[in-house]
>>> print(open('run_33.csv').read())   # CSV, C-alpha atoms
chain,number,residue,atom,x,y,z
A,1,VAL,CA,-262.1,-94.2,49.9
A,2,GLU,CA,-263.0,-96.6,47.1
A,3,HIS,CA,-260.3,-95.2,44.9
A,4,VAL,CA,-257.8,-95.5,47.8
A,5,TRP,CA,-258.9,-99.1,48.4
A,6,HIS,CA,-258.2,-100.1,44.8
A,7,GLY,CA,-254.9,-98.1,44.7
A,8,ASP,CA,-256.1,-95.9,41.9
A,9,LEU,CA,-254.7,-92.6,43.3
A,10,ASP,CA,-251.2,-91.3,43.3
A,11,LEU,CA,-252.2,-88.2,45.4
A,12,LEU,CA,-255.1,-87.7,47.8
A,13,ILE,CA,-255.7,-84.3,49.3
A,14,LEU,CA,-257.9,-83.7,52.4
A,15,ASP,CA,-258.8,-80.1,52.9
A,16,SER,CA,-260.0,-79.7,56.5
A,17,THR,CA,-259.3,-77.9,59.7
A,18,ASN,CA,-258.1,-80.7,61.8
A,19,THR,CA,-257.0,-78.8,64.9
A,20,ARG,CA,-256.8,-81.7,67.3
A,21,THR,CA,-255.0,-85.0,67.2
A,22,GLU,CA,-258.1,-87.1,67.5
A,23,PHE,CA,-259.6,-85.3,64.4
A,24,LEU,CA,-256.5,-85.9,62.3
A,25,SER,CA,-255.6,-89.4,63.4
A,26,PRO,CA,-258.2,-91.4,61.4
A,27,TYR,CA,-257.1,-89.8,58.2
A,28,ILE,CA,-253.4,-90.6,59.0
A,29,GLY,CA,-254.3,-94.1,59.9
A,30,VAL,CA,-256.1,-94.8,56.6
A,31,ALA,CA,-253.3,-93.2,54.5
A,32,GLN,CA,-250.7,-95.3,56.3
A,33,ALA,CA,-252.7,-98.5,56.0
A,34,PHE,CA,-252.7,-98.0,52.2
A,35,ASN,CA,-249.0,-97.1,52.2
A,36,TYR,CA,-249.4,-93.5,51.3
A,37,ASN,CA,-246.8,-91.0,52.3
A,38,VAL,CA,-248.4,-88.4,54.6
A,39,ARG,CA,-247.7,-84.7,54.5
A,40,VAL,CA,-249.5,-82.2,56.7
A,41,VAL,CA,-249.4,-78.8,55.2
A,42,LEU,CA,-249.9,-75.7,57.4
A,43,ILE,CA,-250.6,-72.5,55.6
A,44,LYS,CA,-249.0,-69.5,57.3
A,45,HIS,CA,-251.5,-66.8,58.0
A,46,ASN,CA,-252.4,-64.1,60.5
A,47,PRO,CA,-254.8,-65.7,63.0
A,48,ILE,CA,-256.8,-62.5,63.5
A,49,ASP,CA,-257.3,-62.1,59.7
A,50,SER,CA,-258.5,-65.7,59.4
A,51,TRP,CA,-260.8,-65.3,62.4
A,52,LYS,CA,-262.4,-62.3,60.7
A,53,ARG,CA,-263.0,-64.4,57.6
A,54,ASN,CA,-264.6,-67.3,59.5
A,55,THR,CA,-268.2,-68.1,58.5
A,56,HIS,CA,-269.0,-70.4,61.4
A,57,ASN,CA,-269.3,-67.6,64.1
A,58,VAL,CA,-266.4,-69.0,66.1
A,59,PRO,CA,-265.6,-66.6,68.9
A,60,GLU,CA,-262.2,-64.9,68.6
A,61,ASP,CA,-260.7,-66.4,71.8
A,62,ARG,CA,-261.7,-69.9,70.7
A,63,HIS,CA,-260.3,-69.4,67.2
A,64,ILE,CA,-257.0,-68.3,68.8
A,65,GLY,CA,-257.0,-71.3,71.1
A,66,MET,CA,-257.5,-73.6,68.1
A,67,GLU,CA,-254.6,-71.9,66.3
A,68,GLN,CA,-252.3,-72.5,69.3
A,69,ASN,CA,-253.4,-76.1,69.6
A,70,LEU,CA,-252.7,-76.7,65.9
A,71,HIS,CA,-249.2,-75.5,66.2
A,72,TYR,CA,-248.5,-77.5,69.3
A,73,MET,CA,-250.0,-80.6,67.6
A,74,MET,CA,-247.8,-80.2,64.6
A,75,LYS,CA,-244.6,-79.9,66.7
A,76,TYR,CA,-245.7,-83.0,68.6
A,77,TRP,CA,-246.6,-85.0,65.4
A,78,SER,CA,-243.3,-84.1,63.7
A,79,ARG,CA,-241.3,-85.4,66.7
A,80,ARG,CA,-243.5,-88.4,67.5
A,81,TYR,CA,-244.1,-89.5,63.9
A,82,PRO,CA,-241.0,-88.7,61.8
A,83,SER,CA,-242.5,-90.4,58.7
A,84,ILE,CA,-245.2,-87.7,58.6
A,85,GLU,CA,-243.8,-84.6,56.9
A,86,VAL,CA,-245.1,-81.3,58.3
A,87,ILE,CA,-244.7,-78.4,55.9
A,88,GLU,CA,-245.4,-74.7,56.5
A,89,VAL,CA,-246.1,-72.7,53.4
>>> encode(input="run_33.csv", output="structure tokens")
Amino acid sequence: VEHVWHGDLDLLILDSTNTRTEFLSPYIGVAQAFNYNVRVVLIKHNPIDSWKRNTHNVPEDRHIGMEQNLHYMMKYWSRRYPSIEVIEV
């Protein structure tokens, strides 16, 4: 955050599984407060394959629910906040 505060960064990447709006919102708020353009990047994947790779022992049904919530959230965010670019790769 110190580098962001001083404006030393051209690019800041946050790598996290923010699957709910309340988890993602603080990061968006800080970025916008410092006049950064915000891009949310979703990596296309097979949810079952990613569940099999999870190391946190998340049950399959919960993992699938988080996946569904994430896609709903991204559709909501892109409509509600058009300045936030949502990219699927």
>>> closest_residue(input="run_33.csv", among="A:Gly65, A:Glu88, A:Leu12, A:His56", to="Tyr36 of chain A", atoms="only C-alpha atoms")
A:Leu12
>>> closest_residue(input="run_33.csv", among="A:Ile84, A:Ile48, A:Leu70, A:Val38", to="Thr17 of chain A", atoms="all atoms listed in the file")
A:Leu70
>>> atom_distance(input="run_33.csv", atom1="atom CA of Val89 of chain A", atom2="atom CA of Leu42 of chain A")
6.3 Å
>>> residues_around(input="run_33.csv", residues="Leu14 of chain A", least_positions_apart="3", cutoff="10 Å", atoms="all atoms listed in the file", output="VMD selection string")
chain A and resid 17 to 18 27 40
>>> atom_distance(input="run_33.csv", atom1="atom CA of Asp49 of chain A", atom2="atom CA of Ile28 of chain A")
28.8 Å
>>> atom_distance(input="run_33.csv", atom1="atom CA of Met74 of chain A", atom2="atom CA of Arg20 of chain A")
9.5 Å
>>> closest_residue(input="run_33.csv", among="A:Met73, A:Ile43, A:Ile64, A:Pro59", to="Glu22 of chain A", atoms="only C-alpha atoms")
A:Met73
>>> closest_residue(input="run_33.csv", among="A:Val30, A:Ile87, A:Val58, A:Glu67", to="His45 of chain A", atoms="all atoms listed in the file")
A:Glu67
>>> residues_around(input="run_33.csv", residues="Tyr76 of chain A", least_positions_apart="4", cutoff="12 Å", atoms="all atoms listed in the file", output="PDB file with C-alpha atoms, in the coordinates of the input")
ATOM      1  CA  ARG A  20    -256.800 -81.700  67.300  1.00  0.00           C
ATOM      2  CA  THR A  21    -255.000 -85.000  67.200  1.00  0.00           C
ATOM      3  CA  ASN A  69    -253.400 -76.100  69.600  1.00  0.00           C
ATOM      4  CA  LEU A  70    -252.700 -76.700  65.900  1.00  0.00           C
ATOM      5  CA  HIS A  71    -249.200 -75.500  66.200  1.00  0.00           C
ATOM      6  CA  TYR A  72    -248.500 -77.500  69.300  1.00  0.00           C
ATOM      7  CA  ARG A  80    -243.500 -88.400  67.500  1.00  0.00           C
ATOM      8  CA  TYR A  81    -244.100 -89.500  63.900  1.00  0.00           C
ATOM      9  CA  PRO A  82    -241.000 -88.700  61.800  1.00  0.00           C
ATOM     10  CA  ILE A  84    -245.200 -87.700  58.600  1.00  0.00           C
ATOM     11  CA  GLU A  85    -243.800 -84.600  56.900  1.00  0.00           C
ATOM     12  CA  VAL A  86    -245.100 -81.300  58.300  1.00  0.00           C
TER      13      VAL A  86
END
>>> build_atoms(input="run_33.csv", residues="segment 63-81 of chain A", atoms="N, CA, C and O atoms", output="PDB file, in the coordinates of the input")
ATOM      1  N   HIS A  63    -261.040 -69.277  68.492  1.00  0.00           N
ATOM      2  CA  HIS A  63    -260.300 -69.400  67.200  1.00  0.00           C
ATOM      3  C   HIS A  63    -258.766 -69.317  67.550  1.00  0.00           C
ATOM      4  O   HIS A  63    -257.994 -70.133  67.036  1.00  0.00           O
ATOM      5  N   ILE A  64    -258.362 -68.399  68.399  1.00  0.00           N
ATOM      6  CA  ILE A  64    -257.000 -68.300  68.800  1.00  0.00           C
ATOM      7  C   ILE A  64    -256.495 -69.535  69.513  1.00  0.00           C
ATOM      8  O   ILE A  64    -255.401 -70.043  69.272  1.00  0.00           O
ATOM      9  N   GLY A  65    -257.326 -70.084  70.376  1.00  0.00           N
ATOM     10  CA  GLY A  65    -257.000 -71.300  71.100  1.00  0.00           C
ATOM     11  C   GLY A  65    -256.810 -72.488  70.118  1.00  0.00           C
ATOM     12  O   GLY A  65    -255.894 -73.302  70.282  1.00  0.00           O
ATOM     13  N   MET A  66    -257.672 -72.578  69.103  1.00  0.00           N
ATOM     14  CA  MET A  66    -257.500 -73.600  68.100  1.00  0.00           C
ATOM     15  C   MET A  66    -256.237 -73.466  67.326  1.00  0.00           C
ATOM     16  O   MET A  66    -255.554 -74.454  67.034  1.00  0.00           O
ATOM     17  N   GLU A  67    -255.895 -72.239  67.027  1.00  0.00           N
ATOM     18  CA  GLU A  67    -254.600 -71.900  66.300  1.00  0.00           C
ATOM     19  C   GLU A  67    -253.437 -72.401  67.147  1.00  0.00           C
ATOM     20  O   GLU A  67    -252.523 -73.058  66.635  1.00  0.00           O
ATOM     21  N   GLN A  68    -253.436 -72.082  68.426  1.00  0.00           N
ATOM     22  CA  GLN A  68    -252.300 -72.500  69.300  1.00  0.00           C
ATOM     23  C   GLN A  68    -252.256 -73.991  69.411  1.00  0.00           C
ATOM     24  O   GLN A  68    -251.169 -74.577  69.389  1.00  0.00           O
ATOM     25  N   ASN A  69    -253.385 -74.637  69.539  1.00  0.00           N
ATOM     26  CA  ASN A  69    -253.400 -76.100  69.600  1.00  0.00           C
ATOM     27  C   ASN A  69    -252.876 -76.741  68.357  1.00  0.00           C
ATOM     28  O   ASN A  69    -252.144 -77.726  68.414  1.00  0.00           O
ATOM     29  N   LEU A  70    -253.218 -76.173  67.219  1.00  0.00           N
ATOM     30  CA  LEU A  70    -252.700 -76.700  65.900  1.00  0.00           C
ATOM     31  C   LEU A  70    -251.221 -76.670  65.867  1.00  0.00           C
ATOM     32  O   LEU A  70    -250.587 -77.653  65.498  1.00  0.00           O
ATOM     33  N   HIS A  71    -250.617 -75.564  66.261  1.00  0.00           N
ATOM     34  CA  HIS A  71    -249.200 -75.500  66.200  1.00  0.00           C
ATOM     35  C   HIS A  71    -248.493 -76.405  67.198  1.00  0.00           C
ATOM     36  O   HIS A  71    -247.475 -77.021  66.885  1.00  0.00           O
ATOM     37  N   TYR A  72    -249.072 -76.545  68.369  1.00  0.00           N
ATOM     38  CA  TYR A  72    -248.500 -77.500  69.300  1.00  0.00           C
ATOM     39  C   TYR A  72    -248.625 -78.916  68.777  1.00  0.00           C
ATOM     40  O   TYR A  72    -247.681 -79.703  68.854  1.00  0.00           O
ATOM     41  N   MET A  73    -249.780 -79.243  68.195  1.00  0.00           N
ATOM     42  CA  MET A  73    -250.000 -80.600  67.600  1.00  0.00           C
ATOM     43  C   MET A  73    -248.987 -80.869  66.539  1.00  0.00           C
ATOM     44  O   MET A  73    -248.432 -81.971  66.481  1.00  0.00           O
ATOM     45  N   MET A  74    -248.714 -79.919  65.660  1.00  0.00           N
ATOM     46  CA  MET A  74    -247.800 -80.200  64.600  1.00  0.00           C
ATOM     47  C   MET A  74    -246.364 -80.388  65.079  1.00  0.00           C
ATOM     48  O   MET A  74    -245.647 -81.245  64.565  1.00  0.00           O
ATOM     49  N   LYS A  75    -245.959 -79.677  66.117  1.00  0.00           N
ATOM     50  CA  LYS A  75    -244.600 -79.900  66.700  1.00  0.00           C
ATOM     51  C   LYS A  75    -244.589 -81.318  67.305  1.00  0.00           C
ATOM     52  O   LYS A  75    -243.613 -82.038  67.149  1.00  0.00           O
ATOM     53  N   TYR A  76    -245.649 -81.713  67.978  1.00  0.00           N
ATOM     54  CA  TYR A  76    -245.700 -83.000  68.600  1.00  0.00           C
ATOM     55  C   TYR A  76    -245.678 -84.115  67.501  1.00  0.00           C
ATOM     56  O   TYR A  76    -244.930 -85.077  67.607  1.00  0.00           O
ATOM     57  N   TRP A  77    -246.493 -83.953  66.465  1.00  0.00           N
ATOM     58  CA  TRP A  77    -246.600 -85.000  65.400  1.00  0.00           C
ATOM     59  C   TRP A  77    -245.229 -85.123  64.711  1.00  0.00           C
ATOM     60  O   TRP A  77    -244.823 -86.233  64.391  1.00  0.00           O
ATOM     61  N   SER A  78    -244.552 -84.023  64.414  1.00  0.00           N
ATOM     62  CA  SER A  78    -243.300 -84.100  63.700  1.00  0.00           C
ATOM     63  C   SER A  78    -242.227 -84.843  64.498  1.00  0.00           C
ATOM     64  O   SER A  78    -241.365 -85.521  63.950  1.00  0.00           O
ATOM     65  N   ARG A  79    -242.267 -84.723  65.830  1.00  0.00           N
ATOM     66  CA  ARG A  79    -241.300 -85.400  66.700  1.00  0.00           C
ATOM     67  C   ARG A  79    -241.747 -86.892  66.897  1.00  0.00           C
ATOM     68  O   ARG A  79    -240.938 -87.804  66.882  1.00  0.00           O
ATOM     69  N   ARG A  80    -243.020 -87.093  67.121  1.00  0.00           N
ATOM     70  CA  ARG A  80    -243.500 -88.400  67.500  1.00  0.00           C
ATOM     71  C   ARG A  80    -243.608 -89.340  66.235  1.00  0.00           C
ATOM     72  O   ARG A  80    -243.412 -90.546  66.334  1.00  0.00           O
ATOM     73  N   TYR A  81    -243.936 -88.756  65.081  1.00  0.00           N
ATOM     74  CA  TYR A  81    -244.100 -89.500  63.900  1.00  0.00           C
ATOM     75  C   TYR A  81    -243.214 -88.946  62.756  1.00  0.00           C
ATOM     76  O   TYR A  81    -243.694 -88.226  61.886  1.00  0.00           O
TER      77      TYR A  81
END
